[in-house]
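What's in upload.cif: mmCIF, C-alpha atoms
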```
data_entry
#
loop_
_atom_site.label_atom_id
_atom_site.label_comp_id
_atom_site.auth_asym_id
_atom_site.auth_seq_id
_atom_site.Cartn_x
_atom_site.Cartn_y
_atom_site.Cartn_z
CA MET V 26 0.00 0.00 0.00
CA SER V 27 1.45 3.37 -0.93
CA THR V 28 1.64 6.18 1.59
CA LEU V 29 -1.31 8.46 2.05
CA SER V 30 -0.86 11.88 0.58
CA LEU V 31 -2.86 15.05 0.92
CA PRO V 32 -2.75 16.87 -2.41
CA VAL V 33 -2.65 20.63 -2.48
CA LEU V 34 -5.26 22.18 -4.76
CA ALA V 35 -5.50 25.65 -6.23
CA ASP V 36 -8.23 26.37 -3.69
CA GLY V 37 -6.65 24.59 -0.74
CA THR V 38 -6.41 20.89 0.05
CA VAL V 39 -8.49 17.76 -0.07
CA GLY V 40 -8.68 17.00 3.62
CA TRP V 41 -8.81 13.58 5.18
CA PRO V 42 -11.89 11.50 4.35
CA GLU V 43 -14.66 12.30 6.84
CA LYS V 44 -15.78 8.67 6.56
CA ALA V 45 -13.23 5.95 5.82
CA ASP V 46 -15.25 2.72 6.06
CA LEU V 47 -17.45 2.50 2.98
CA LYS V 48 -19.75 -0.03 1.36
CA PHE V 49 -20.43 0.21 -2.38
CA GLY V 50 -22.97 -1.79 -4.38
CA PHE V 51 -22.76 -3.17 -7.90
CA ILE V 52 -24.57 -5.45 -10.34
CA LYS V 53 -22.69 -8.43 -11.82
CA LEU V 54 -21.67 -6.83 -15.11
CA THR V 55 -18.22 -6.32 -16.61
CA ASP V 56 -18.61 -2.54 -16.45
CA MET V 57 -18.41 -2.61 -12.64
CA ALA V 58 -14.66 -3.09 -13.34
CA PRO V 59 -13.47 0.33 -12.06
CA LEU V 60 -14.76 -0.56 -8.58
CA ALA V 61 -13.08 -3.99 -8.59
CA ILE V 62 -9.79 -2.59 -9.90
CA ALA V 63 -9.75 0.35 -7.45
CA TYR V 64 -10.17 -2.23 -4.68
CA GLU V 65 -7.75 -4.90 -5.95
CA LYS V 66 -4.98 -2.45 -6.92
CA GLY V 67 -5.09 -0.65 -3.57
CA TYR V 68 -6.26 2.69 -5.02
CA PHE V 69 -8.99 3.01 -2.40
CA GLU V 70 -6.45 2.32 0.34
CA ASP V 71 -4.12 4.95 -1.13
CA GLU V 72 -6.90 7.43 -0.45
CA GLY V 73 -7.36 6.31 3.15
CA LEU V 74 -10.57 4.44 2.32
CA PHE V 75 -11.53 0.96 3.52
CA VAL V 76 -14.10 -0.26 1.04
CA THR V 77 -16.39 -3.27 0.94
CA LEU V 78 -17.90 -4.15 -2.45
CA GLU V 79 -21.21 -5.98 -2.43
CA ALA V 80 -23.20 -7.44 -5.36
CA GLN V 81 -26.88 -6.39 -5.32
CA ALA V 82 -29.92 -8.42 -6.39
CA ASN V 83 -31.19 -5.89 -8.95
CA TRP V 84 -31.11 -2.21 -9.89
CA LYS V 85 -34.11 -1.26 -7.75
CA VAL V 86 -32.68 -2.80 -4.57
CA LEU V 87 -29.34 -1.13 -5.31
CA LEU V 88 -30.92 2.32 -5.69
CA ASP V 89 -33.13 1.91 -2.61
CA ARG V 90 -30.10 0.96 -0.51
CA VAL V 91 -28.17 4.05 -1.66
CA ILE V 92 -31.20 6.22 -0.83
CA ASP V 93 -31.67 4.77 2.65
CA GLY V 94 -27.93 4.89 3.45
CA GLU V 95 -27.25 1.14 3.61
CA LEU V 96 -24.82 1.71 0.74
CA ASP V 97 -22.50 4.72 0.53
CA GLY V 98 -22.61 4.66 -3.26
CA ALA V 99 -22.99 2.33 -6.21
CA HIS V 100 -22.38 1.39 -9.82
CA MET V 101 -25.59 2.75 -11.41
CA LEU V 102 -27.42 2.95 -14.69
CA ALA V 103 -26.84 6.43 -16.12
CA GLY V 104 -30.60 7.02 -16.03
CA GLN V 105 -30.97 6.16 -12.33
CA PRO V 106 -29.67 9.38 -10.72
CA LEU V 107 -31.66 11.40 -13.28
CA GLY V 108 -34.86 9.35 -12.90
CA ALA V 109 -34.70 9.45 -9.09
CA THR V 110 -33.97 13.19 -8.98
CA ILE V 111 -36.95 14.09 -11.23
CA GLY V 112 -39.15 11.63 -9.33
CA TYR V 113 -39.65 8.90 -11.94
CA GLY V 114 -40.02 5.93 -9.60
CA THR V 115 -38.56 6.54 -6.14
CA LYS V 116 -37.89 10.26 -5.67
CA ALA V 117 -34.50 11.15 -4.19
CA HIS V 118 -31.73 13.55 -5.14
CA ILE V 119 -28.89 11.38 -6.47
CA ILE V 120 -25.75 12.82 -8.02
CA THR V 121 -22.80 11.53 -10.02
CA ALA V 122 -19.30 12.93 -10.32
CA PHE V 123 -17.88 9.95 -12.25
CA SER V 124 -18.92 8.26 -15.48
CA MET V 125 -17.87 4.60 -15.37
CA ASP V 126 -17.59 3.64 -19.04
CA LEU V 127 -18.65 4.00 -22.65
CA ASN V 128 -20.41 1.32 -24.74
CA GLY V 129 -20.56 -2.25 -23.44
CA ASN V 130 -24.08 -3.41 -24.37
CA GLY V 131 -25.56 -5.51 -27.14
CA ILE V 132 -28.90 -6.68 -28.51
CA THR V 133 -29.34 -10.44 -28.82
CA VAL V 134 -32.19 -12.37 -30.48
CA SER V 135 -33.16 -16.03 -30.30
CA ASN V 136 -31.88 -18.44 -32.93
CA ASP V 137 -35.35 -18.68 -34.50
CA VAL V 138 -35.69 -14.91 -34.79
CA TRP V 139 -32.18 -14.65 -36.22
CA GLN V 140 -32.94 -17.24 -38.90
CA ALA V 141 -36.05 -15.24 -39.87
CA MET V 142 -34.14 -11.92 -39.81
CA LYS V 143 -31.26 -13.20 -41.90
CA ALA V 144 -33.24 -13.06 -45.13
CA HIS V 145 -33.48 -9.26 -44.67
CA VAL V 146 -29.87 -8.59 -43.57
CA PRO V 147 -27.39 -7.23 -46.14
CA MET V 148 -24.53 -9.70 -46.68
CA LYS V 149 -20.95 -9.36 -47.91
CA ASP V 150 -18.65 -12.33 -48.60
CA GLY V 151 -21.29 -14.56 -47.00
CA LYS V 152 -21.30 -12.64 -43.71
CA PRO V 153 -23.80 -10.11 -42.35
CA VAL V 154 -22.91 -6.44 -42.77
CA HIS V 155 -22.77 -4.73 -39.37
CA PRO V 156 -24.31 -2.81 -37.72
CA ILE V 157 -27.53 -4.71 -38.41
CA LYS V 158 -30.54 -2.40 -38.36
CA ALA V 159 -33.98 -3.14 -36.92
CA ASP V 160 -35.31 -2.82 -40.51
CA ALA V 161 -34.38 -6.53 -40.72
CA LEU V 162 -36.47 -7.31 -37.63
CA LYS V 163 -39.57 -5.43 -38.79
CA PRO V 164 -40.91 -8.11 -41.19
CA VAL V 165 -40.31 -10.76 -38.51
CA VAL V 166 -42.33 -8.77 -35.94
CA GLU V 167 -45.10 -8.31 -38.52
CA GLN V 168 -45.18 -12.07 -39.17
CA TYR V 169 -45.43 -12.80 -35.44
CA ARG V 170 -48.34 -10.36 -35.23
CA LYS V 171 -50.13 -12.10 -38.15
CA ASP V 172 -49.64 -15.38 -36.28
CA GLY V 173 -51.26 -13.82 -33.19
CA LYS V 174 -48.04 -13.75 -31.17
CA PRO V 175 -46.99 -10.45 -29.53
CA PHE V 176 -43.26 -9.89 -30.01
CA LYS V 177 -41.59 -9.65 -26.59
CA MET V 178 -38.10 -8.41 -25.71
CA GLY V 179 -36.27 -7.85 -22.42
CA MET V 180 -34.32 -4.90 -21.06
CA VAL V 181 -32.92 -4.43 -17.60
CA PHE V 182 -34.76 -1.47 -16.03
CA PRO V 183 -37.16 1.31 -17.10
CA VAL V 184 -34.49 4.04 -16.80
CA SER V 185 -31.63 1.87 -18.07
CA THR V 186 -29.40 2.69 -21.00
CA HIS V 187 -30.49 -0.67 -22.40
CA ASN V 188 -34.15 0.40 -22.47
CA TYR V 189 -33.30 3.59 -24.36
CA GLU V 190 -30.83 1.87 -26.72
CA LEU V 191 -33.26 -0.91 -27.55
CA ARG V 192 -36.04 1.63 -28.11
CA TYR V 193 -33.71 3.78 -30.23
CA TRP V 194 -32.70 0.82 -32.41
CA LEU V 195 -36.30 -0.43 -32.86
CA ALA V 196 -37.65 3.05 -33.68
CA ALA V 197 -34.82 3.67 -36.18
CA GLY V 198 -36.10 0.56 -37.98
CA GLY V 199 -39.72 1.76 -38.00
CA LEU V 200 -40.91 -0.27 -35.00
CA ASN V 201 -42.72 1.55 -32.16
CA PRO V 202 -41.40 0.27 -28.79
CA GLY V 203 -44.38 1.79 -26.94
CA TYR V 204 -45.01 4.74 -24.63
CA TYR V 205 -45.17 5.28 -20.88
CA ALA V 206 -48.05 7.28 -19.42
CA PRO V 207 -47.19 7.79 -15.73
CA ASP V 208 -49.78 10.57 -15.39
CA LYS V 209 -52.42 7.94 -16.29
CA GLY V 210 -50.92 5.35 -13.94
CA ASP V 211 -49.43 3.33 -16.83
CA THR V 212 -45.74 2.56 -16.28
CA SER V 213 -45.63 -0.53 -18.52
CA GLY V 214 -44.16 1.41 -21.44
CA GLN V 215 -46.24 -0.66 -23.86
CA ARG V 216 -48.87 1.79 -25.18
CA GLN V 217 -49.15 1.61 -28.99
CA ALA V 218 -46.21 -0.84 -28.99
CA ASP V 219 -45.19 -3.00 -31.96
CA VAL V 220 -42.68 -4.72 -29.67
CA LEU V 221 -43.48 -5.33 -25.98
CA LEU V 222 -40.52 -4.53 -23.72
CA SER V 223 -40.32 -5.74 -20.13
CA VAL V 224 -37.76 -5.87 -17.34
CA THR V 225 -35.50 -8.92 -16.89
CA PRO V 226 -32.47 -8.83 -14.52
CA PRO V 227 -29.21 -9.14 -16.54
CA PRO V 228 -27.99 -12.55 -15.26
CA GLN V 229 -31.43 -14.07 -16.02
CA MET V 230 -31.53 -12.88 -19.66
CA PRO V 231 -30.08 -16.03 -21.32
CA ALA V 232 -32.33 -18.42 -19.34
CA THR V 233 -35.44 -16.29 -20.09
CA LEU V 234 -34.55 -16.29 -23.80
CA GLU V 235 -33.96 -20.04 -23.75
CA ALA V 236 -37.34 -20.58 -22.07
CA GLY V 237 -39.02 -18.66 -24.91
CA THR V 238 -40.55 -16.06 -22.58
CA ILE V 239 -38.79 -13.32 -24.60
CA TYR V 240 -37.48 -13.39 -28.18
CA GLY V 241 -34.56 -11.05 -27.65
CA TYR V 242 -33.00 -8.62 -25.20
CA CYS V 243 -30.66 -5.69 -24.68
CA VAL V 244 -28.10 -6.18 -21.91
CA GLY V 245 -24.50 -5.53 -20.90
CA GLU V 246 -21.75 -8.09 -20.96
CA PRO V 247 -21.17 -10.90 -20.35
CA TRP V 248 -24.82 -11.81 -21.02
CA ASN V 249 -24.80 -11.39 -24.82
CA GLN V 250 -21.68 -13.50 -25.22
CA GLN V 251 -23.19 -16.03 -22.81
CA ALA V 252 -26.02 -16.60 -25.33
CA VAL V 253 -23.42 -17.35 -28.03
CA PHE V 254 -21.48 -19.73 -25.77
CA LYS V 255 -24.69 -21.55 -24.83
CA GLY V 256 -25.83 -21.65 -28.47
CA ILE V 257 -29.23 -20.13 -27.65
CA GLY V 258 -29.06 -16.74 -29.39
CA VAL V 259 -27.22 -14.36 -31.68
CA PRO V 260 -26.17 -10.79 -30.83
CA VAL V 261 -27.19 -8.66 -33.82
CA VAL V 262 -25.80 -5.25 -32.85
CA THR V 263 -23.66 -3.66 -30.13
CA ASP V 264 -24.54 -0.28 -28.68
CA TYR V 265 -21.35 1.03 -30.31
CA GLY V 266 -23.26 0.46 -33.57
CA ILE V 267 -26.38 2.23 -32.23
CA TRP V 268 -24.55 5.26 -30.79
CA LYS V 269 -20.78 5.30 -31.09
CA ASN V 270 -19.12 5.88 -27.68
CA ASN V 271 -22.35 6.27 -25.75
CA PRO V 272 -22.05 6.80 -21.97
CA GLU V 273 -23.16 3.75 -20.01
CA LYS V 274 -22.89 3.46 -16.19
CA VAL V 275 -22.12 6.08 -13.54
CA PHE V 276 -21.03 6.00 -9.92
CA GLY V 277 -23.95 7.41 -7.93
CA VAL V 278 -24.30 8.72 -4.37
CA SER V 279 -27.11 10.55 -2.63
CA LYS V 280 -26.74 14.33 -2.52
CA THR V 281 -27.18 14.14 1.27
CA TRP V 282 -24.20 11.76 1.48
CA ALA V 283 -22.08 13.94 -0.84
CA ASP V 284 -22.84 17.05 1.22
CA GLN V 285 -22.00 15.25 4.45
CA TYR V 286 -18.73 13.68 3.21
CA PRO V 287 -17.27 16.01 0.53
CA ASN V 288 -13.63 14.97 1.05
CA THR V 289 -14.53 11.28 1.10
CA HIS V 290 -16.35 11.74 -2.21
CA ILE V 291 -13.32 13.36 -3.87
CA HIS V 292 -11.04 10.58 -2.59
CA VAL V 293 -13.43 7.94 -4.02
CA VAL V 294 -13.48 9.65 -7.42
CA LYS V 295 -9.66 9.84 -7.40
CA ALA V 296 -9.40 6.08 -6.85
CA LEU V 297 -11.95 5.35 -9.59
CA ILE V 298 -10.19 7.62 -12.10
CA ARG V 299 -6.94 5.72 -11.50
CA ALA V 300 -8.71 2.39 -11.93
CA ALA V 301 -10.30 3.50 -15.21
CA LYS V 302 -6.93 4.63 -16.55
CA TRP V 303 -5.35 1.29 -15.58
CA LEU V 304 -8.10 -0.56 -17.46
CA ASP V 305 -7.39 1.25 -20.75
CA GLU V 306 -3.64 1.71 -20.41
CA ASN V 307 -1.25 0.65 -23.19
CA ASN V 308 -4.03 -0.30 -25.61
CA ASN V 309 -5.90 -2.44 -23.08
CA ALA V 310 -2.76 -4.38 -22.10
CA ASN V 311 -4.15 -4.92 -18.57
CA ARG V 312 -7.46 -6.38 -19.73
CA PRO V 313 -6.50 -10.10 -19.36
CA GLU V 314 -5.61 -9.43 -15.71
CA ALA V 315 -8.86 -7.48 -15.29
CA VAL V 316 -10.85 -10.37 -16.79
CA LYS V 317 -9.25 -12.79 -14.34
CA ILE V 318 -10.33 -10.54 -11.45
CA LEU V 319 -13.87 -10.04 -12.80
CA SER V 320 -14.43 -13.76 -13.37
CA ARG V 321 -14.24 -14.37 -9.60
CA PRO V 322 -17.62 -15.26 -8.05
CA ASN V 323 -17.67 -12.17 -5.80
CA TYR V 324 -17.49 -9.89 -8.87
CA VAL V 325 -19.11 -10.97 -12.15
CA GLY V 326 -18.72 -14.71 -11.70
CA ALA V 327 -18.83 -15.71 -15.38
CA ASP V 328 -16.21 -17.84 -17.16
CA TYR V 329 -12.97 -16.14 -18.10
CA ASP V 330 -13.54 -16.86 -21.81
CA VAL V 331 -17.05 -15.37 -21.78
CA ILE V 332 -15.86 -12.11 -20.18
CA ALA V 333 -12.69 -11.96 -22.29
CA ASN V 334 -14.72 -12.20 -25.50
CA SER V 335 -15.75 -8.53 -25.22
CA MET V 336 -13.34 -7.08 -22.63
CA THR V 337 -10.26 -7.82 -24.74
CA GLY V 338 -11.51 -5.94 -27.79
CA THR V 339 -13.40 -8.51 -29.83
CA PHE V 340 -17.06 -9.47 -30.05
CA GLU V 341 -18.64 -12.70 -31.28
CA TYR V 342 -21.92 -12.44 -33.18
CA GLU V 343 -22.98 -15.73 -34.78
CA LYS V 344 -20.89 -18.59 -33.39
CA GLY V 345 -17.53 -18.34 -35.10
CA ASP V 346 -18.14 -14.80 -36.42
CA THR V 347 -15.74 -12.94 -34.13
CA ARG V 348 -14.88 -9.39 -35.13
CA PRO V 349 -12.59 -6.75 -33.68
CA VAL V 350 -14.46 -4.13 -31.63
CA PRO V 351 -11.56 -2.44 -29.82
CA ASP V 352 -13.85 0.12 -28.21
CA PHE V 353 -16.54 -2.31 -27.06
CA ASN V 354 -15.59 -1.46 -23.46
CA VAL V 355 -14.02 1.96 -22.90
CA PHE V 356 -13.19 3.04 -19.36
CA PHE V 357 -10.87 6.03 -19.79
CA ARG V 358 -10.25 6.94 -23.43
CA TYR V 359 -12.24 9.83 -24.96
CA HIS V 360 -12.63 11.40 -21.48
CA ALA V 361 -14.99 8.52 -20.64
CA THR V 362 -14.87 9.25 -16.89
CA TYR V 363 -15.93 12.91 -17.14
CA PRO V 364 -19.60 13.58 -16.27
CA PHE V 365 -20.71 15.62 -19.31
CA TYR V 366 -23.96 17.59 -19.01
CA SER V 367 -24.73 16.64 -22.62
CA ASP V 368 -24.79 12.94 -21.61
CA ALA V 369 -27.34 13.67 -18.89
CA ILE V 370 -29.48 15.69 -21.30
CA TRP V 371 -29.51 12.85 -23.87
CA TYR V 372 -31.01 10.51 -21.27
CA LEU V 373 -33.60 13.12 -20.33
CA THR V 374 -34.58 13.53 -24.01
CA GLN V 375 -35.22 9.78 -24.23
CA MET V 376 -37.31 9.86 -21.04
CA ARG V 377 -39.41 12.56 -22.70
CA ARG V 378 -39.46 10.78 -26.07
CA TRP V 379 -41.05 7.67 -24.57
CA GLY V 380 -43.35 9.41 -22.10
CA GLN V 381 -41.57 8.86 -18.78
CA ILE V 382 -41.51 12.66 -18.62
CA SER V 383 -45.19 13.19 -19.35
CA GLU V 384 -45.21 16.81 -20.49
CA HIS V 385 -43.17 19.18 -22.62
CA LYS V 386 -40.28 20.88 -20.80
CA PRO V 387 -38.31 23.94 -21.98
CA ASP V 388 -34.64 23.51 -22.90
CA SER V 389 -33.69 25.33 -19.67
CA TRP V 390 -35.32 22.57 -17.62
CA TYR V 391 -33.06 19.92 -19.17
CA MET V 392 -30.01 22.02 -18.37
CA ASP V 393 -31.10 22.64 -14.77
CA VAL V 394 -31.68 18.93 -14.10
CA ALA V 395 -28.35 17.99 -15.71
CA LYS V 396 -26.50 20.49 -13.49
CA SER V 397 -28.24 19.27 -10.35
CA VAL V 398 -27.25 15.62 -11.00
CA TYR V 399 -23.98 15.65 -12.96
CA ARG V 400 -21.13 17.18 -10.94
CA PRO V 401 -18.04 17.92 -13.04
CA ASP V 402 -16.94 20.34 -10.28
CA ILE V 403 -16.29 17.41 -7.92
CA TYR V 404 -14.60 15.43 -10.71
CA GLU V 405 -12.30 18.38 -11.43
CA LYS V 406 -11.16 18.57 -7.79
CA ALA V 407 -10.26 14.87 -7.88
CA ALA V 408 -8.46 15.22 -11.22
CA ARG V 409 -6.47 18.29 -10.14
CA ALA V 410 -5.42 16.45 -6.96
CA LEU V 411 -4.15 13.49 -9.02
CA ILE V 412 -2.21 15.88 -11.28
CA ALA V 413 -0.71 17.66 -8.25
CA GLU V 414 0.41 14.28 -6.86
CA GLY V 415 2.05 13.32 -10.16
CA LYS V 416 -0.22 10.27 -10.55
CA MET V 417 -1.83 11.68 -13.72
CA SER V 418 -1.03 14.41 -16.19
CA ALA V 419 -3.16 17.36 -17.34
CA GLY V 420 -3.31 15.74 -20.80
CA ASP V 421 -5.34 12.86 -19.34
CA PHE V 422 -8.29 15.19 -18.73
CA PRO V 423 -10.45 17.75 -20.50
CA ASP V 424 -9.09 21.31 -20.46
CA PHE V 425 -10.86 22.33 -17.26
CA ASP V 426 -10.31 26.05 -17.81
CA ASN V 427 -12.33 25.93 -21.04
CA GLU V 428 -14.64 22.93 -20.52
CA ASP V 429 -18.37 23.73 -20.56
CA GLY V 430 -19.63 20.18 -20.02
CA PHE V 431 -20.97 19.73 -23.57
CA LYS V 432 -19.54 17.43 -26.20
CA PRO V 433 -19.62 18.91 -29.72
CA PRO V 434 -22.75 17.89 -31.71
CA GLN V 435 -22.58 14.11 -31.97
CA THR V 436 -23.01 11.96 -35.05
CA GLY V 437 -22.45 8.20 -35.05
CA PHE V 438 -26.08 7.23 -34.41
CA ILE V 439 -27.60 4.32 -36.36
CA ASP V 440 -30.31 6.61 -37.82
CA ASP V 441 -27.81 9.37 -38.77
CA ILE V 442 -29.60 11.96 -36.60
CA THR V 443 -27.18 14.46 -35.00
CA TYR V 444 -27.47 15.17 -31.29
CA ASP V 445 -26.69 18.62 -29.85
CA GLY V 446 -27.14 18.74 -26.06
CA HIS V 447 -27.74 22.50 -26.18
CA GLN V 448 -31.01 21.95 -28.08
CA PRO V 449 -32.98 19.06 -26.55
CA ASN V 450 -36.38 20.05 -27.98
CA ALA V 451 -35.04 20.59 -31.49
CA TYR V 452 -33.44 17.14 -31.18
CA LEU V 453 -36.71 15.50 -30.11
CA ALA V 454 -38.49 17.09 -33.08
CA LYS V 455 -36.26 15.16 -35.48
CA PHE V 456 -37.62 11.70 -34.59
CA PRO V 457 -40.47 10.24 -36.69
CA ILE V 458 -41.42 7.94 -33.77
CA GLY V 459 -41.63 9.45 -30.28
CA LEU V 460 -43.26 12.24 -28.31
CA LYS V 461 -42.10 15.72 -29.24
#
```
Any chance you could give the structure as structure tokens?
Amino acid sequence: MSTLSLPVLADGTVGWPEKADLKFGFIKLTDMAPLAIAYEKGYFEDEGLFVTLEAQANWKVLLDRVIDGELDGAHMLAGQPLGATIGYGTKAHIITAFSMDLNGNGITVSNDVWQAMKAHVPMKDGKPVHPIKADALKPVVEQYRKDGKPFKMGMVFPVSTHNYELRYWLAAGGLNPGYYAPDKGDTSGQRQADVLLSVTPPPQMPATLEAGTIYGYCVGEPWNQQAVFKGIGVPVVTDYGIWKNNPEKVFGVSKTWADQYPNTHIHVVKALIRAAKWLDENNNANRPEAVKILSRPNYVGADYDVIANSMTGTFEYEKGDTRPVPDFNVFFRYHATYPFYSDAIWYLTQMRRWGQISEHKPDSWYMDVAKSVYRPDIYEKAARALIAEGKMSAGDFPDFDNEDGFKPPQTGFIDDITYDGHQPNAYLAKFPIGLK
């Protein structure tokens, strides 16, 4: 364990942690890696923190335990702090000062659905052309409907990235994934739906697909690759193909906790930043070691080979069709750890698009919510401390003196629509399917 150091900041120092014994929650997914690495590499200890990491049963339990103080913080869906703060589901002010990763999800369909889709998928040299669009699924869904079978798919939580990515992909292919109407007491998200989406916890996705309860799902790793290994399904697209370098998980704490333990929070973020950098260092050279750690039962608990399939920069679609996807999991590159306001606003636009936010809001509202939940000010204190200590360099981070929290207008979406976080309502107006 390295010696504890108290970095000097431009505005003073980061004092000792007000609370040193901490318990953090996570769900068994590969993108909890920054927490595992910060623990295993002693980065938490370097900050004077004594951390326990505990797997949680599902996203709702995890959030509830952060709200009631049983957990000090947790690996969260990017939509969870936003949804809780605006009162969609359990109302509580949750904040994030650390984005955990980019990309990392996929959409998998059953073997039967894949065989039916294949006739509509463009091919080159006998192999499907990726990314595969939902246009190829549309005729299959229509055939199921003619046969009197509603087409069912799984996602992990109503405010999960997976829900919004699956909806985005379906709608881009002309399929309506359905609307929420919370003001009418309808939180099923299935109004006017061509495809019925419902919640399935990530580790149960493959078994639910195999049982025929759902015909496909959107989930993080290793549960898409698990379907390939078990021979029960075929991943058809990764979220990198839906939105290149999309933000995925965040580290969330309650605002009450953050206000009570400001130094502790900065020390936690410092440890997580170091872990994220380690995960991406030297072109992912540390990933095999990370996979070995994650495969332990107390972390993800899936076979080494299943986790390695995506974590080491490849992805297997149909059995034997393995392709390079070097950015499938990104933890530090492209300023992945920085909590951009524009990321928060994108999630809020999707909540509005599908009715979770039941009425029109002005652009200023989106900005106000983003600023109340995403906390780049806390991130900056942690980053400047790491620079002052010589553990990181200024080049590792955004230019804090000129950073406004907005990425430039983003392309790289499967439907070729450009996203500008400064104009959420103009963005919503561009979609043929969705509330305006």
Residues of stretch 225-318 of chain V that have any atom at most 12 Å from an atom of stretch 158-174 of chain V: could you tabulate them with the shortest-distance atom pair and the distance in Å to one decimal, using all atoms listed in the file, ordered by chain and increasing number, as CSV?
```
residue,atom,partner,partner_atom,distance
V:Thr238,CA,V:Lys174,CA,11.6
V:Ile239,CA,V:Lys174,CA,11.4
V:Tyr240,CA,V:Val166,CA,10.3
V:Gly241,CA,V:Leu162,CA,10.8
V:Val261,CA,V:Lys158,CA,8.4
V:Val262,CA,V:Lys158,CA,7.8
V:Thr263,CA,V:Lys158,CA,10.8
V:Asp264,CA,V:Lys158,CA,11.6
V:Gly266,CA,V:Lys158,CA,9.2
V:Ile267,CA,V:Lys158,CA,8.7
```
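Distances here use all atoms listed in the file; by that measure, the residue among V:Gly114, V:Gly258, V:Pro364, V:Gly214 closest to V:Lys274 is V:Pro364.
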Could you give me, as a CSV table (one decimal) with C-alpha atoms, in the frame of the given file, the residues that have an atom at most 12 Å away from the point (-31.8, -11.2, -16.7) in the coordinates of the file, using all atoms listed in the file?
```
chain,number,residue,atom,x,y,z
V,52,ILE,CA,-24.6,-5.4,-10.3
V,53,LYS,CA,-22.7,-8.4,-11.8
V,54,LEU,CA,-21.7,-6.8,-15.1
V,82,ALA,CA,-29.9,-8.4,-6.4
V,83,ASN,CA,-31.2,-5.9,-9.0
V,84,TRP,CA,-31.1,-2.2,-9.9
V,178,MET,CA,-38.1,-8.4,-25.7
V,179,GLY,CA,-36.3,-7.8,-22.4
V,180,MET,CA,-34.3,-4.9,-21.1
V,181,VAL,CA,-32.9,-4.4,-17.6
V,182,PHE,CA,-34.8,-1.5,-16.0
V,223,SER,CA,-40.3,-5.7,-20.1
V,224,VAL,CA,-37.8,-5.9,-17.3
V,225,THR,CA,-35.5,-8.9,-16.9
V,226,PRO,CA,-32.5,-8.8,-14.5
V,227,PRO,CA,-29.2,-9.1,-16.5
V,228,PRO,CA,-28.0,-12.6,-15.3
V,229,GLN,CA,-31.4,-14.1,-16.0
V,230,MET,CA,-31.5,-12.9,-19.7
V,231,PRO,CA,-30.1,-16.0,-21.3
V,232,ALA,CA,-32.3,-18.4,-19.3
V,233,THR,CA,-35.4,-16.3,-20.1
V,234,LEU,CA,-34.6,-16.3,-23.8
V,235,GLU,CA,-34.0,-20.0,-23.8
V,238,THR,CA,-40.6,-16.1,-22.6
V,239,ILE,CA,-38.8,-13.3,-24.6
V,241,GLY,CA,-34.6,-11.0,-27.6
V,242,TYR,CA,-33.0,-8.6,-25.2
V,243,CYS,CA,-30.7,-5.7,-24.7
V,244,VAL,CA,-28.1,-6.2,-21.9
V,245,GLY,CA,-24.5,-5.5,-20.9
V,246,GLU,CA,-21.8,-8.1,-21.0
V,247,PRO,CA,-21.2,-10.9,-20.4
V,248,TRP,CA,-24.8,-11.8,-21.0
V,249,ASN,CA,-24.8,-11.4,-24.8
V,251,GLN,CA,-23.2,-16.0,-22.8
V,252,ALA,CA,-26.0,-16.6,-25.3
```
(request) Quick one: everything within 12 Å of V:Glu306, counting only C-alpha atoms, minus sequence neighbours fewer than 2 positions away in the same chain. Send it as a list in words. (result) Arg299, Ala300, Ala301, Lys302, Trp303, Leu304, Asn308, Asn309, Ala310, Asn311, Arg312, Ala315, Val355, Phe356, Phe357, Arg358 and Asp421 of chain V
(message) Counting all atoms listed in the file, which residue out of V:Trp371, V:Tyr205, V:Phe75, V:Tyr363 sits closest to V:Leu460?
(response) V:Tyr205
(request) Choose the residue, out of V:Ile382, V:Ala117, V:Ala61, V:Met392, that has the smallest atom-to-atom separation from V:Pro207; count only C-alpha atoms. (result) V:Ile382
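The spacing separating atom CA of V:Lys396 from atom CA of V:Gln105 amounts to 15.1 Å.
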(request) Find the residues with any atom within 12 Å of (-8.6, -2.9, -5.0); use all atoms listed in the file and the coordinates as given in the file, and write the answer as a ChimeraX atom specification. (result) /V:26,58-72,74-78,293,296-297,299-300,303,315,318-319,324
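Minimum atom-to-atom distances from V:Arg409, V:His118, V:Lys255, V:Arg90 to V:Pro423 were compared using all atoms listed in the file, and the lowest value belongs to V:Arg409.
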(request) Mind checking which residues fall within 10 Å of V:Phe365, counting only C-alpha atoms, ignoring those fewer than 5 positions away in the same chain, and posting them as an MDAnalysis selection string? (result) chainID V and resid 122:124 272 360 370 395:396 399:401 428:432 446
(message) Given all atoms listed in the file as the basis, pick out the residue of V:Phe176, V:Tyr372, V:Trp282, V:Tyr391 nearest to V:Pro202.
(response) V:Phe176
(request) Translate the PyMOL selection byres ((chain V and resi 110) around 12), as applied to the file shown, into an explicit residue set as number ranges by chain. (result) V: 88, 92, 104-109, 111-121, 277-280, 369, 373, 393-399
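Applied to this file, the PyMOL selection byres ((chain V and resi 385) around 12) selects V:Leu373, V:Thr374, V:Met376, V:Arg377, V:Arg378, V:Trp379, V:Gly380, V:Gln381, V:Ile382, V:Ser383, V:Glu384, V:Lys386, V:Pro387, V:Asp388, V:Ser389, V:Trp390, V:Tyr391, V:Pro449, V:Asn450, V:Leu453, V:Ala454, V:Leu460, V:Lys461.
Computed from the coordinates, the atom CA of V:Tyr204 to atom CA of V:Val138 distance equals 24.0 Å.
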(request) Work out how far atom CA of V:Tyr286 is from atom CA of V:Glu43, in Å to one decimal. (result) 5.6 Å
